[in-house]
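Engineer: Pasting protein-v2.pdb here (PDB, C-alpha atoms, pLDDT in the B column):
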ATOM      1  CA  MET D1457     -16.939 -18.305  -6.767  1.00 58.00           C
ATOM      2  CA  ILE D1458     -16.761 -14.763  -5.394  1.00 64.00           C
ATOM      3  CA  ILE D1459     -15.135 -15.893  -2.151  1.00 69.00           C
ATOM      4  CA  GLN D1460     -12.541 -17.856  -4.118  1.00 69.00           C
ATOM      5  CA  ARG D1461     -11.756 -14.786  -6.237  1.00 66.00           C
ATOM      6  CA  ILE D1462     -11.431 -12.582  -3.131  1.00 64.00           C
ATOM      7  CA  TRP D1463      -9.237 -15.169  -1.416  1.00 69.00           C
ATOM      8  CA  ARG D1464      -7.019 -15.413  -4.493  1.00 72.00           C
ATOM      9  CA  ASN D1465      -6.652 -11.619  -4.608  1.00 79.00           C
ATOM     10  CA  ASN D1466      -6.340 -10.929  -0.880  1.00 88.00           C
ATOM     11  CA  GLU D1467      -2.883  -9.362  -1.216  1.00 88.00           C
ATOM     12  CA  LEU D1468      -4.166  -7.004  -3.895  1.00 88.00           C
ATOM     13  CA  LEU D1469      -7.095  -5.996  -1.672  1.00 90.00           C
ATOM     14  CA  ALA D1470      -4.769  -5.431   1.272  1.00 92.00           C
ATOM     15  CA  TRP D1471      -2.389  -3.147  -0.662  1.00 93.00           C
ATOM     16  CA  VAL D1472      -5.165  -1.143  -2.320  1.00 92.00           C
ATOM     17  CA  SER D1473      -7.026  -0.774   0.993  1.00 92.00           C
ATOM     18  CA  ALA D1474      -3.854   0.366   2.768  1.00 91.00           C
ATOM     19  CA  LEU D1475      -3.099   3.007   0.136  1.00 94.00           C
ATOM     20  CA  LEU D1476      -6.694   4.246   0.133  1.00 93.00           C
ATOM     21  CA  TRP D1477      -6.605   4.489   3.925  1.00 90.00           C
ATOM     22  CA  LEU D1478      -3.318   6.409   3.809  1.00 88.00           C
ATOM     23  CA  TYR D1479      -4.629   8.728   1.103  1.00 91.00           C
ATOM     24  CA  PHE D1480      -8.001   9.604   2.618  1.00 89.00           C
ATOM     25  CA  MET D1481      -7.905   8.848   6.353  1.00 81.00           C
ATOM     26  CA  VAL D1482      -4.464   9.950   7.535  1.00 73.00           C
ATOM     27  CA  ASP D1483      -3.973  13.578   8.490  1.00 74.00           C
ATOM     28  CA  PRO D1484      -0.252  14.031   9.119  1.00 68.00           C
ATOM     29  CA  GLY D1485      -0.753  17.416  10.779  1.00 68.00           C
ATOM     30  CA  GLN D1486      -2.707  15.922  13.660  1.00 68.00           C
ATOM     31  CA  GLN D1487      -1.377  13.652  16.354  1.00 62.00           C
ATOM     32  CA  GLN D1488      -4.041  10.991  16.025  1.00 59.00           C
ATOM     33  CA  PRO D1489      -4.274   8.152  18.496  1.00 57.00           C
ATOM     34  CA  GLY D1490      -4.005   5.011  16.461  1.00 60.00           C
ATOM     35  CA  TYR D1491      -2.704   1.490  16.440  1.00 63.00           C
ATOM     36  CA  CYS D1492       0.931   2.407  16.962  1.00 72.00           C
ATOM     37  CA  PRO D1493       2.543   0.575  19.901  1.00 74.00           C
ATOM     38  CA  PHE D1494       5.299   3.223  20.092  1.00 75.00           C
ATOM     39  CA  HIS D1495       2.684   5.895  20.831  1.00 74.00           C
ATOM     40  CA  TRP D1496       1.057   3.608  23.396  1.00 75.00           C
ATOM     41  CA  LEU D1497       4.439   3.477  25.137  1.00 81.00           C
ATOM     42  CA  GLY D1498       4.638   7.271  25.153  1.00 78.00           C
ATOM     43  CA  LEU D1499       7.272   7.714  22.424  1.00 76.00           C
ATOM     44  CA  ASP D1500       6.751  10.592  20.002  1.00 71.00           C
ATOM     45  CA  GLN D1501       8.814   9.348  17.071  1.00 71.00           C
ATOM     46  CA  CYS D1502       7.962   6.136  15.254  1.00 74.00           C
ATOM     47  CA  PRO D1503       9.525   4.967  11.963  1.00 67.00           C
ATOM     48  CA  GLY D1504       6.257   3.364  10.884  1.00 73.00           C
ATOM     49  CA  CYS D1505       4.247   6.539  11.440  1.00 74.00           C
ATOM     50  CA  GLY D1506       6.886   8.525   9.583  1.00 82.00           C
ATOM     51  CA  ILE D1507       6.744   6.286   6.541  1.00 87.00           C
ATOM     52  CA  GLY D1508       2.941   6.301   6.584  1.00 86.00           C
ATOM     53  CA  ARG D1509       2.895  10.091   6.661  1.00 86.00           C
ATOM     54  CA  SER D1510       5.564  10.129   3.973  1.00 91.00           C
ATOM     55  CA  ILE D1511       3.504   7.903   1.678  1.00 93.00           C
ATOM     56  CA  HIS D1512       0.462  10.097   2.346  1.00 92.00           C
ATOM     57  CA  ALA D1513       2.402  13.221   1.357  1.00 94.00           C
ATOM     58  CA  ALA D1514       3.856  11.512  -1.739  1.00 95.00           C
ATOM     59  CA  MET D1515       0.388  10.482  -2.907  1.00 96.00           C
ATOM     60  CA  HIS D1516      -0.642  14.131  -2.574  1.00 95.00           C
ATOM     61  CA  LEU D1517       2.439  15.106  -4.654  1.00 96.00           C
ATOM     62  CA  GLN D1518       4.137  16.875  -1.753  1.00 94.00           C
ATOM     63  CA  TRP D1519       7.613  15.509  -2.451  1.00 96.00           C
ATOM     64  CA  LYS D1520       9.626  17.677  -0.050  1.00 96.00           C
ATOM     65  CA  VAL D1521       7.201  17.076   2.817  1.00 93.00           C
ATOM     66  CA  SER D1522       7.285  13.367   2.045  1.00 93.00           C
ATOM     67  CA  TRP D1523      11.092  13.345   2.120  1.00 94.00           C
ATOM     68  CA  ASN D1524      11.104  15.208   5.453  1.00 92.00           C
ATOM     69  CA  TYR D1525       8.782  12.676   7.085  1.00 88.00           C
ATOM     70  CA  HIS D1526      10.800   9.626   5.948  1.00 90.00           C
ATOM     71  CA  TRP D1527      13.264   9.218   3.101  1.00 93.00           C
ATOM     72  CA  MET D1528      11.926   5.753   2.210  1.00 94.00           C
ATOM     73  CA  GLY D1529       8.317   6.906   1.706  1.00 93.00           C
ATOM     74  CA  ILE D1530       8.638   7.674  -2.005  1.00 96.00           C
ATOM     75  CA  PRO D1531      10.524   4.439  -2.847  1.00 97.00           C
ATOM     76  CA  ALA D1532       8.039   2.475  -0.720  1.00 96.00           C
ATOM     77  CA  LEU D1533       5.118   3.986  -2.636  1.00 97.00           C
ATOM     78  CA  ILE D1534       6.768   3.119  -5.958  1.00 97.00           C
ATOM     79  CA  ILE D1535       7.386  -0.465  -4.808  1.00 97.00           C
ATOM     80  CA  ILE D1536       3.806  -0.860  -3.551  1.00 96.00           C
ATOM     81  CA  LEU D1537       2.364   0.557  -6.784  1.00 96.00           C
ATOM     82  CA  HIS D1538       4.567  -1.819  -8.788  1.00 94.00           C
ATOM     83  CA  ARG D1539       3.353  -4.726  -6.669  1.00 92.00           C
ATOM     84  CA  ILE D1540      -0.277  -3.730  -7.230  1.00 90.00           C
ATOM     85  CA  TYR D1541       0.402  -3.512 -10.969  1.00 89.00           C
ATOM     86  CA  SER D1542       2.043  -6.948 -10.986  1.00 87.00           C
ATOM     87  CA  LEU D1543      -0.895  -8.456  -9.080  1.00 85.00           C
ATOM     88  CA  ILE D1544      -3.358  -6.996 -11.578  1.00 84.00           C
ATOM     89  CA  GLN D1545      -1.466  -8.235 -14.622  1.00 80.00           C
ATOM     90  CA  PRO D1546      -2.040 -11.879 -15.525  1.00 68.00           C
ATOM     91  CA  THR D1547       1.106 -13.922 -15.277  1.00 63.00           C
ATOM     92  CA  THR D1548       2.615 -15.737 -18.219  1.00 60.00           C
ATOM     93  CA  LYS D1549       2.141 -19.071 -16.469  1.00 61.00           C
ATOM     94  CA  HIS D1550      -1.568 -18.353 -16.006  1.00 64.00           C
ATOM     95  CA  LEU D1551      -1.948 -17.389 -19.682  1.00 64.00           C
ATOM     96  CA  ILE D1552      -0.128 -20.517 -20.865  1.00 66.00           C
ATOM     97  CA  HIS D1553      -2.286 -22.698 -18.617  1.00 66.00           C
ATOM     98  CA  ALA D1554      -5.456 -21.057 -19.959  1.00 69.00           C
ATOM     99  CA  LYS D1555      -4.358 -21.628 -23.570  1.00 71.00           C
ATOM    100  CA  LEU D1556      -3.431 -25.260 -22.934  1.00 75.00           C
ATOM    101  CA  SER D1557      -6.668 -26.020 -21.127  1.00 73.00           C
ATOM    102  CA  GLY D1558      -8.694 -24.300 -23.828  1.00 67.00           C
ATOM    103  CA  GLY D1559     -10.445 -22.013 -21.359  1.00 57.00           C
ATOM    104  CA  THR D1560     -10.425 -18.298 -20.911  1.00 53.00           C
ATOM    105  CA  ASP D1561     -10.003 -17.538 -17.229  1.00 51.00           C
TER     106      ASP D1561
END
Could you render the structure from this file as structure tokens?
Structural biologist:
Amino acid sequence: MIIQRIWRNNELLAWVSALLWLYFMVDPGQQQPGYCPFHWLGLDQCPGCGIGRSIHAAMHLQWKVSWNYHWMGIPALIIILHRIYSLIQPTTKHLIHAKLSGGTD
């Protein structure tokens, strides 16, 4: 039962985990070695690192810093938060199915 629930909500877990990691684990001031293939190739600028730092700054309410890292960081955070909200909310189809089957799921 628990594995089925986790499997059904794997996208929700992935988004929440990613935002928690960006909020707590990323320090934009440091050049951290990470999983970025652009840094492995010796390049200093990476669009993915910029948007990650931008989302980190936006979650810490540093709007100007966020914009300077990457202009899509704030819209990306809004889209991700909306997606998390939509995954948490039960869908109309699910509610109709629960009413028709007589169960409360």
Engineer: With only C-alpha atoms as the counted atoms, please give the residues lying no more than 10 Å from Gly1504 of chain D, apart from itself and same-chain residues fewer than 5 positions off, as a PDB file with C-alpha atoms, in the frame of the given file.
Structural biologist:
ATOM      1  CA  CYS D1492       0.931   2.407  16.962  1.00 72.00           C
ATOM      2  CA  PHE D1494       5.299   3.223  20.092  1.00 75.00           C
ATOM      3  CA  ARG D1509       2.895  10.091   6.661  1.00 86.00           C
ATOM      4  CA  SER D1510       5.564  10.129   3.973  1.00 91.00           C
ATOM      5  CA  HIS D1526      10.800   9.626   5.948  1.00 90.00           C
TER       6      HIS D1526
END
Engineer: Could you check the closest approach to Cys1505 of chain D for each of D:Tyr1525, D:Trp1519, D:Phe1480, D:Trp1471 and tell me which residue wins, using all atoms listed in the file?
Structural biologist: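 Ranked by minimum distance to Cys1505 of chain D, first place goes to D:Tyr1525.
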Engineer: From the set D:Leu1499, D:Met1481, D:Val1472, D:Leu1517, which residue has the shortest atom-to-atom contact distance to Ile1536 of chain D, counting all atoms listed in the file?
Structural biologist: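 So, comparing all the options, the nearest one is D:Val1472.
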Engineer: As a check of understanding, name the residues that the PyMOL selection byres ((chain D and resi 1514) around 12) selects in the supplied structure, as a ChimeraX atom specification.
Structural biologist: /D:1475,1478-1479,1484,1507-1513,1515-1534
Engineer: Could you state the separation of atom CA of Asp1483 of chain D and atom CA of Ile1540 of chain D in Å, given to one decimal place?
Structural biologist: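 Atom CA of Ile1540 of chain D lies at a distance of 23.7 Å from atom CA of Asp1483 of chain D.
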Engineer: To one decimal in Å, tell me the separation between atom CA of Leu1469 of chain D and atom CA of Lys1555 of chain D.
Structural biologist: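 Taking atom CA of Leu1469 of chain D and atom CA of Lys1555 of chain D, their separation equals 27.0 Å.
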Engineer: Kindly give the distance, in Å, that separates atom CA of Arg1539 of chain D and atom CA of Trp1477 of chain D, rounded to a single decimal.
Structural biologist: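 Calculated distance between atom CA of Arg1539 of chain D and atom CA of Trp1477 of chain D is 17.2 Å.
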